[in-house]
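Text of input.csv, listed as CSV, C-alpha atoms:
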```csv
chain,number,residue,atom,x,y,z
D,9,MET,CA,159.4,53.5,18.0
D,10,SER,CA,162.7,51.7,18.4
D,11,GLU,CA,165.7,52.5,16.2
D,12,LEU,CA,167.6,49.8,14.4
D,13,ASN,CA,171.3,49.9,15.1
D,14,LEU,CA,173.2,49.1,11.9
D,15,GLN,CA,176.6,50.4,13.0
D,16,GLY,CA,179.3,48.0,11.9
D,17,LYS,CA,176.9,45.7,10.0
D,18,VAL,CA,177.9,44.4,6.6
D,19,ALA,CA,175.4,44.9,3.8
D,20,VAL,CA,175.4,43.6,0.2
D,21,VAL,CA,173.2,45.4,-2.4
D,22,THR,CA,172.8,44.1,-5.9
D,23,GLY,CA,171.8,46.4,-8.7
D,24,ALA,CA,173.5,49.2,-6.7
D,25,SER,CA,175.1,51.4,-9.4
D,26,GLN,CA,172.1,53.6,-9.8
D,27,GLY,CA,168.5,54.4,-8.8
D,28,LEU,CA,167.0,52.6,-5.8
D,29,GLY,CA,170.1,50.4,-5.3
D,30,GLU,CA,172.3,53.4,-5.1
D,31,ALA,CA,169.9,55.1,-2.6
D,32,LEU,CA,169.9,51.9,-0.5
D,33,ALA,CA,173.7,51.7,-0.5
D,34,MET,CA,173.9,55.4,0.5
D,35,ARG,CA,171.4,55.0,3.4
D,36,LEU,CA,173.0,51.9,4.7
D,37,ASP,CA,176.4,53.7,4.7
D,38,LYS,CA,174.7,56.6,6.6
D,39,GLU,CA,173.4,54.1,9.1
D,40,GLY,CA,177.0,52.8,9.7
D,41,CYS,CA,177.1,49.8,7.5
D,42,LYS,CA,180.0,48.5,5.5
D,43,VAL,CA,178.6,48.1,2.0
D,44,ALA,CA,179.3,45.8,-0.9
D,45,VAL,CA,178.1,47.6,-4.0
D,46,CYS,CA,177.3,44.9,-6.6
D,47,ASP,CA,176.3,45.6,-10.2
D,48,ILE,CA,176.9,44.4,-13.7
D,49,ASN,CA,177.9,48.0,-14.4
D,50,TYR,CA,181.3,47.9,-12.5
D,51,ASP,CA,182.1,51.6,-13.3
D,52,GLY,CA,178.8,52.6,-11.8
D,53,ALA,CA,179.4,50.4,-8.8
D,54,GLN,CA,182.8,51.9,-8.3
D,55,ALA,CA,181.4,55.4,-8.5
D,56,VAL,CA,178.8,54.6,-5.8
D,57,ALA,CA,181.3,52.8,-3.6
D,58,SER,CA,183.7,55.8,-3.8
D,59,LYS,CA,181.0,58.0,-2.1
D,60,LEU,CA,180.7,55.6,0.9
D,61,SER,CA,182.7,55.4,4.1
D,62,ASP,CA,183.7,51.7,4.0
D,63,ALA,CA,182.6,50.0,0.8
D,64,MET,CA,183.8,47.8,-2.0
D,65,ALA,CA,182.6,47.6,-5.6
D,66,LEU,CA,182.0,44.2,-7.2
D,67,ALA,CA,181.3,43.4,-10.8
D,68,VAL,CA,178.4,41.0,-10.6
D,69,ASP,CA,176.0,39.7,-13.2
D,70,VAL,CA,173.3,38.1,-11.0
D,71,THR,CA,172.5,35.6,-13.8
D,72,LYS,CA,176.0,34.1,-13.3
D,73,TYR,CA,176.1,32.1,-10.1
D,74,ASP,CA,179.9,31.8,-10.2
D,75,GLN,CA,180.2,35.6,-10.1
D,76,LEU,CA,178.0,35.7,-7.0
D,77,GLU,CA,180.1,33.0,-5.4
D,78,ALA,CA,183.2,35.1,-6.0
D,79,ALA,CA,181.4,38.2,-4.7
D,80,ALA,CA,180.4,36.3,-1.5
D,81,LYS,CA,184.0,35.1,-1.0
D,82,ALA,CA,185.3,38.7,-1.5
D,83,VAL,CA,182.9,40.1,1.0
D,84,LEU,CA,183.7,37.4,3.6
D,85,ASP,CA,187.4,37.7,3.0
D,86,LYS,CA,187.2,41.5,3.6
D,87,TRP,CA,184.6,41.7,6.4
D,88,GLY,CA,184.1,38.2,7.6
D,89,LYS,CA,180.3,38.3,7.6
D,90,VAL,CA,177.1,39.4,5.8
D,91,ASP,CA,174.3,40.8,8.0
D,92,VAL,CA,172.0,42.3,5.3
D,93,LEU,CA,171.5,41.0,1.8
D,94,ILE,CA,169.4,43.2,-0.5
D,95,CYS,CA,168.5,41.6,-3.8
D,96,ASN,CA,167.6,44.7,-5.8
D,97,ALA,CA,169.0,43.8,-9.3
D,98,ALA,CA,166.1,43.9,-11.8
D,99,ILE,CA,165.0,44.9,-15.3
D,100,VAL,CA,161.8,45.6,-17.1
D,101,LYS,CA,161.0,44.6,-20.7
D,102,SER,CA,157.4,45.5,-21.6
D,103,GLY,CA,155.1,44.4,-24.3
D,104,ASP,CA,152.1,42.2,-25.0
D,105,ILE,CA,152.7,38.5,-25.5
D,106,PHE,CA,152.9,38.9,-29.3
D,107,SER,CA,155.5,41.7,-29.3
D,108,LEU,CA,157.7,40.5,-26.5
D,109,SER,CA,160.3,38.1,-27.8
D,110,PRO,CA,161.0,34.9,-25.9
D,111,GLU,CA,164.5,36.1,-25.4
D,112,ALA,CA,163.3,39.3,-23.7
D,113,PHE,CA,161.0,37.3,-21.5
D,114,LYS,CA,163.8,34.9,-20.6
D,115,LEU,CA,166.2,37.9,-19.8
D,116,VAL,CA,163.7,39.4,-17.4
D,117,THR,CA,163.0,36.2,-15.5
D,118,ASP,CA,166.8,35.3,-15.5
D,119,ILE,CA,167.7,38.6,-13.9
D,120,ASN,CA,164.6,39.2,-11.7
D,121,LEU,CA,163.9,35.7,-10.4
D,122,ASN,CA,166.9,33.5,-11.2
D,123,GLY,CA,169.2,36.3,-10.2
D,124,TYR,CA,167.5,36.5,-6.8
D,125,PHE,CA,167.8,32.8,-6.3
D,126,ASN,CA,171.5,32.8,-7.3
D,127,THR,CA,172.2,35.7,-5.0
D,128,VAL,CA,170.6,34.1,-2.0
D,129,LYS,CA,172.2,30.7,-2.8
D,130,ALA,CA,175.7,32.3,-2.8
D,131,PHE,CA,175.4,34.5,0.3
D,132,ALA,CA,173.0,32.7,2.6
D,133,PRO,CA,175.4,29.9,3.7
D,134,SER,CA,177.5,32.2,5.8
D,135,MET,CA,174.3,33.8,7.3
D,136,LEU,CA,172.9,30.4,8.1
D,137,GLU,CA,176.2,29.3,9.7
D,138,ARG,CA,176.1,32.5,11.9
D,139,LYS,CA,172.4,32.0,12.6
D,140,SER,CA,171.9,35.7,11.9
D,141,GLY,CA,171.0,38.0,9.1
D,142,SER,CA,168.3,39.5,6.9
D,143,ILE,CA,167.6,38.9,3.3
D,144,ILE,CA,165.5,41.5,1.4
D,145,GLN,CA,164.1,41.1,-2.1
D,146,ILE,CA,163.0,44.4,-3.6
D,147,ASN,CA,159.7,43.6,-5.2
D,148,SER,CA,156.8,45.5,-6.8
D,149,LYS,CA,153.0,45.7,-6.8
D,150,SER,CA,153.5,43.6,-10.0
D,151,GLY,CA,154.5,40.8,-7.7
D,152,ARG,CA,150.9,40.7,-6.3
D,153,LYS,CA,148.8,41.7,-9.3
D,154,GLY,CA,149.2,41.2,-13.0
D,155,SER,CA,150.4,44.1,-15.0
D,156,PHE,CA,149.1,45.2,-18.4
D,157,LYS,CA,151.5,44.4,-21.2
D,158,ASN,CA,154.1,43.6,-18.6
D,159,GLY,CA,153.8,39.8,-18.2
D,160,ALA,CA,157.5,39.1,-18.0
D,161,TYR,CA,158.1,41.5,-15.2
D,162,ALA,CA,154.9,40.5,-13.3
D,163,SER,CA,155.8,36.8,-13.7
D,164,SER,CA,159.3,37.3,-12.4
D,165,LYS,CA,158.0,39.4,-9.4
D,166,PHE,CA,155.3,36.9,-8.6
D,167,GLY,CA,158.0,34.2,-8.6
D,168,GLY,CA,160.0,36.4,-6.2
D,169,VAL,CA,157.2,36.5,-3.7
D,170,GLY,CA,156.9,32.7,-3.8
D,171,LEU,CA,160.7,32.3,-3.4
D,172,THR,CA,160.7,34.8,-0.5
D,173,GLN,CA,158.0,32.9,1.3
D,174,SER,CA,159.7,29.6,0.7
D,175,LEU,CA,163.1,30.8,1.9
D,176,ALA,CA,161.4,32.3,5.0
D,177,LEU,CA,160.2,28.9,5.9
D,178,GLU,CA,163.5,27.2,5.1
D,179,PHE,CA,165.6,29.7,7.1
D,180,ALA,CA,163.4,30.5,10.1
D,181,GLU,CA,164.9,27.9,12.4
D,182,SER,CA,168.3,29.4,11.7
D,183,GLY,CA,167.3,32.9,12.7
D,184,VAL,CA,167.8,34.3,9.2
D,185,ARG,CA,164.9,36.5,8.2
```
Do you think you could lay out the structure here as structure tokens?
Amino acid sequence: MSELNLQGKVAVVTGASQGLGEALAMRLDKEGCKVAVCDINYDGAQAVASKLSDAMALAVDVTKYDQLEAAAKAVLDKWGKVDVLICNAAIVKSGDIFSLSPEAFKLVTDINLNGYFNTVKAFAPSMLERKSGSIIQINSKSGRKGSFKNGAYASSKFGGVGLTQSLALEFAESGVR
């Protein structure tokens, strides 16, 4: 089994102020990455970044494309590249179709699917220009199979699978995975 050398690589993680995102940021740091800790919860992002060797915290609402553009610029200004982009930001709002409000459904899909699109759109150009990099969308079993009283989340995650497959086809010739 070969080991992946991440020493000196630049990683960006959305939804990184807690939970899985925080764990990913911590592991990437341990593997030698410089890490951009992105989250709508800036205080939480700062707390995570302060535990890392070479990191920056960025206040990012993934539903706001302009904030992601600014984050991409900040990362490129500081480190000059992005090697690993982990799209982890997500929320869950559960309920059957009658109890889940249209606003809740929209919020879940805005963050989980549109936020993923926005993140890739903002960060991928520099990766494509360098012809190098990996983009990872954290998904769920709900992205492959419907989920009882969890239609908003499952829909957003199904969409994420389709977007991932489409981006893989778009970016393959550029060497971006």
Contacts of Gln75 in chain D within 12 Å, all atoms listed in the file, excl. fewer than 4 positions in-chain, as a VMD selection string: chain D and resid 46 to 48 66 to 71 79 to 82 123 126 to 127 129 to 131
Counting all atoms listed in the file, find the residues whose atoms lie at most 8 Å from (171.7, 33.4, 14.5) (file coordinates) and write them out as a ChimeraX atom specification. /D:135-141,182-184
So how far away is CA of Cys95 in chain D from CA of Gln145 in chain D, in Å?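 About the pair CA of Gln145 in chain D and CA of Cys95 in chain D: they are 4.7 Å apart.
Considering only C-alpha atoms, the residue among D:Tyr124, D:Glu39, D:Trp87, D:Leu108 positioned nearest to Lys72 in chain D is D:Tyr124.
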Students should find that CA of Met34 in chain D and CA of Ile99 in chain D are spaced 21.0 Å
Can you measure CA of Tyr50 in chain D to CA of Asn96 in chain D for me? One decimal in Å is fine. 15.6 Å
